[in-house]
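As stored in my_file.cif (mmCIF, C-alpha atoms):
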data_target
loop_
_atom_site.label_atom_id
_atom_site.label_comp_id
_atom_site.auth_asym_id
_atom_site.auth_seq_id
_atom_site.Cartn_x
_atom_site.Cartn_y
_atom_site.Cartn_z
CA MET W 170 -12.10 18.33 14.34
CA LEU W 171 -8.39 18.54 13.42
CA TRP W 172 -8.05 14.79 14.01
CA THR W 173 -11.08 14.08 11.85
CA ILE W 174 -9.42 16.05 9.02
CA ILE W 175 -6.10 14.22 9.54
CA GLY W 176 -7.83 10.83 9.66
CA ALA W 177 -9.95 11.63 6.61
CA SER W 178 -6.89 12.88 4.69
CA ALA W 179 -4.92 9.75 5.64
CA ALA W 180 -7.83 7.60 4.53
CA THR W 181 -8.37 9.49 1.27
CA LEU W 182 -4.68 9.41 0.28
CA THR W 183 -4.12 5.74 1.09
CA MET W 184 -7.44 4.37 -0.11
CA PHE W 185 -6.97 5.91 -3.55
CA SER W 186 -3.21 5.31 -3.62
CA PHE W 187 -3.40 2.51 -6.19
CA ILE W 188 -5.53 4.50 -8.64
CA PRO W 189 -2.39 6.08 -10.25
CA GLN W 190 -0.89 2.56 -10.49
CA ILE W 191 -4.06 1.31 -12.18
CA ILE W 192 -4.00 4.25 -14.63
CA LYS W 193 -0.30 3.65 -15.38
CA ALA W 194 -0.95 -0.06 -15.98
CA PHE W 195 -3.80 0.80 -18.37
CA LYS W 196 -1.65 3.32 -20.27
CA THR W 197 1.50 1.20 -20.58
CA ARG W 198 -0.32 -2.17 -20.67
CA SER W 199 2.67 -3.42 -18.68
CA VAL W 200 2.91 -4.44 -15.03
CA ARG W 201 6.11 -6.48 -15.34
CA ASP W 202 7.97 -4.53 -12.64
CA VAL W 203 5.09 -4.62 -10.17
CA SER W 204 5.55 -7.28 -7.48
CA GLU W 205 2.67 -9.76 -7.48
CA ILE W 206 3.68 -10.89 -3.98
CA THR W 207 3.27 -7.30 -2.76
CA LEU W 208 -0.21 -7.16 -4.31
CA PHE W 209 -1.33 -10.45 -2.72
CA GLN W 210 0.28 -9.74 0.66
CA LEU W 211 -1.22 -6.24 0.78
CA SER W 212 -4.68 -7.57 -0.16
CA ALA W 213 -4.55 -10.11 2.66
CA GLY W 214 -3.33 -7.48 5.13
CA VAL W 215 -5.91 -4.90 4.09
CA PHE W 216 -8.65 -7.53 4.52
CA LEU W 217 -7.50 -8.13 8.10
CA TRP W 218 -7.36 -4.33 8.70
CA ILE W 219 -11.06 -4.24 7.73
CA LEU W 220 -11.81 -6.85 10.40
CA TYR W 221 -9.69 -4.95 12.93
CA GLY W 222 -11.51 -1.71 12.03
CA ILE W 223 -14.83 -3.44 12.63
CA HIS W 224 -13.50 -4.48 16.03
CA LEU W 225 -12.42 -0.89 16.83
CA LYS W 226 -15.76 0.35 15.42
CA ASP W 227 -13.75 2.86 13.38
CA ALA W 228 -15.54 3.74 10.13
CA VAL W 229 -12.45 5.50 8.74
CA ILE W 230 -10.33 2.33 8.95
CA ILE W 231 -13.11 0.14 7.55
CA ILE W 232 -14.03 2.30 4.53
CA ALA W 233 -10.43 3.24 3.66
CA ASN W 234 -9.34 -0.39 3.57
CA LEU W 235 -12.44 -1.49 1.65
CA VAL W 236 -11.58 0.95 -1.16
CA THR W 237 -7.92 -0.13 -1.10
CA LEU W 238 -8.97 -3.78 -1.33
CA ALA W 239 -11.21 -3.00 -4.31
CA SER W 240 -8.41 -1.17 -6.17
CA LEU W 241 -5.95 -3.97 -5.39
CA GLY W 242 -8.50 -6.35 -6.88
CA ILE W 243 -8.58 -4.30 -10.10
CA LEU W 244 -4.78 -4.22 -10.15
CA LEU W 245 -4.53 -7.99 -9.72
CA PHE W 246 -6.99 -8.39 -12.61
CA LEU W 247 -4.81 -6.12 -14.78
CA TYR W 248 -1.73 -8.04 -13.64
CA VAL W 249 -3.20 -11.26 -14.98
CA LYS W 250 -4.61 -9.52 -18.10
CA PHE W 251 -1.32 -7.88 -19.06
CA GLY W 252 0.66 -11.00 -18.20
CA GLY W 253 2.79 -9.49 -15.46
CA ALA W 254 3.74 -12.92 -14.21
CA GLU W 255 5.48 -13.77 -17.50
CA LYS W 256 9.19 -13.10 -17.28
CA MET U 92 -6.86 -12.08 22.21
CA LEU U 93 -8.32 -13.06 18.85
CA TRP U 94 -8.50 -9.36 17.90
CA THR U 95 -4.89 -8.84 18.96
CA ILE U 96 -3.87 -11.67 16.62
CA ILE U 97 -5.98 -10.26 13.76
CA GLY U 98 -4.60 -6.75 14.32
CA ALA U 99 -1.02 -8.03 14.57
CA SER U 100 -1.45 -10.15 11.42
CA ALA U 101 -2.95 -7.18 9.55
CA ALA U 102 -0.06 -5.00 10.71
CA THR U 103 2.60 -7.60 9.86
CA LEU U 104 1.24 -8.29 6.37
CA THR U 105 0.77 -4.65 5.39
CA MET U 106 3.86 -3.20 7.03
CA PHE U 107 6.11 -5.64 5.20
CA SER U 108 4.04 -5.58 1.99
CA PHE U 109 6.59 -3.56 0.02
CA ILE U 110 9.53 -5.82 0.91
CA PRO U 111 8.77 -8.17 -2.05
CA GLN U 112 8.55 -5.08 -4.30
CA ILE U 113 11.94 -3.90 -3.00
CA ILE U 114 13.46 -7.36 -3.62
CA LYS U 115 11.96 -7.49 -7.14
CA ALA U 116 13.33 -4.00 -7.90
CA PHE U 117 16.79 -5.07 -6.70
CA LYS U 118 16.70 -8.26 -8.79
CA THR U 119 15.40 -6.75 -12.03
CA ARG U 120 16.97 -3.31 -11.52
CA SER U 121 13.83 -1.97 -13.14
CA VAL U 122 10.91 -0.07 -11.62
CA ARG U 123 9.55 1.35 -14.87
CA ASP U 124 6.03 -0.06 -14.40
CA VAL U 125 5.76 1.06 -10.76
CA SER U 126 3.70 4.24 -10.39
CA GLU U 127 5.73 7.01 -8.72
CA ILE U 128 2.49 8.86 -7.94
CA THR U 129 1.27 5.80 -6.01
CA LEU U 130 4.54 5.74 -4.03
CA PHE U 131 4.37 9.44 -3.13
CA GLN U 132 0.63 9.44 -2.41
CA LEU U 133 0.94 6.33 -0.23
CA SER U 134 3.89 7.82 1.68
CA ALA U 135 1.91 10.98 2.44
CA GLY U 136 -1.13 8.93 3.46
CA VAL U 137 0.85 6.55 5.66
CA PHE U 138 2.49 9.55 7.38
CA LEU U 139 -0.97 10.91 8.26
CA TRP U 140 -2.05 7.43 9.46
CA ILE U 141 0.87 7.57 11.91
CA LEU U 142 -0.45 10.88 13.28
CA TYR U 143 -3.98 9.44 13.45
CA GLY U 144 -2.64 6.35 15.25
CA ILE U 145 -0.93 8.61 17.79
CA HIS U 146 -4.28 10.33 18.31
CA LEU U 147 -6.04 6.96 18.79
CA LYS U 148 -3.15 5.85 21.04
CA ASP U 149 -3.04 2.64 18.97
CA ALA U 150 0.48 1.20 18.88
CA VAL U 151 -0.45 -1.27 16.11
CA ILE U 152 -1.44 1.53 13.71
CA ILE U 153 1.63 3.61 14.60
CA ILE U 154 4.28 0.89 14.26
CA ALA U 155 2.74 -0.72 11.18
CA ASN U 156 2.67 2.57 9.31
CA LEU U 157 6.17 3.54 10.44
CA VAL U 158 7.58 0.36 8.87
CA THR U 159 5.53 0.91 5.70
CA LEU U 160 6.82 4.48 5.48
CA ALA U 161 10.41 3.25 5.84
CA SER U 162 10.01 0.64 3.08
CA LEU U 163 8.32 3.18 0.81
CA GLY U 164 11.34 5.42 1.41
CA ILE U 165 13.68 2.62 0.27
CA LEU U 166 11.49 2.01 -2.78
CA LEU U 167 11.50 5.70 -3.72
CA PHE U 168 15.30 5.65 -3.42
CA LEU U 169 15.46 2.62 -5.74
CA TYR U 170 13.01 4.33 -8.09
CA VAL U 171 15.37 7.27 -8.49
CA LYS U 172 18.44 4.99 -8.59
CA PHE U 173 17.06 2.73 -11.32
CA GLY U 174 15.63 5.67 -13.24
CA GLY U 175 11.99 4.64 -13.09
CA ALA U 176 10.89 8.12 -14.09
CA GLU U 177 12.66 7.84 -17.47
CA LYS U 178 10.23 6.74 -20.15
#
Conversion result in structure tokens:
Amino acid sequence: MLWTIIGASAATLTMFSFIPQIIKAFKTRSVRDVSEITLFQLSAGVFLWILYGIHLKDAVIIIANLVTLASLGILLFLYVKFGGAEK
Amino acid sequence: MLWTIIGASAATLTMFSFIPQIIKAFKTRSVRDVSEITLFQLSAGVFLWILYGIHLKDAVIIIANLVTLASLGILLFLYVKFGGAEK
């Protein structure tokens, strides 16, 4: 029971961790300081974590990483929209 | 074997995912657009993932999240150093 709470808390915190970044990007309309390599690398890694979670048959890992991947997708869209790649 | 490679690749990509962000912060000396809430929330979440990994006895989860936590620590240090919180 304790471990379920710890796992669920870990999942909740990390899977929604890019929501504040998305909100900040919307507010400031600037993502210049955000690393696009980090966003791409993390997206690729999170995708592989989903596969690994499927292998482990661990719903926590699968769902948490699916939400993270979705928010990274939104962030990459904002990155392009707000021209983060322009120096 | 395939799953070991997928898990190791997932771990490698995500655990080093903030290295490009650290390098970018060093180069530009600016972290204004990086969300400090995201950094704190992710650090807390990654810490709980380490505990959950210990529970699952999964070395991949433990080590990957330890490295992520360390790089988030460096990034938080740079955030304070470069005054990211100043608007």
On this structure, which residues satisfy the PyMOL selection byres ((chain W) within 6 of (chain U)), written as an MDAnalysis selection string? chainID W and resid 176 179 182:183 186:187 189:190 200 202:204 207 210:211 214 217:218 221
One decimal, in Å: what's the spacing between CA of Ile231 in chain W and CA of Leu245 in chain W? 20.9 Å
Can you tell me how far CA of Leu238 in chain W sits from CA of Gly252 in chain W, in Å to one decimal?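 Spanning CA of Leu238 in chain W to CA of Gly252 in chain W is a straight-line distance of 20.7 Å.
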CA of Ala150 in chain U to CA of Val229 in chain W, distance in Å rounded to a single decimal: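 Interatomic distance here is 17.0 Å.
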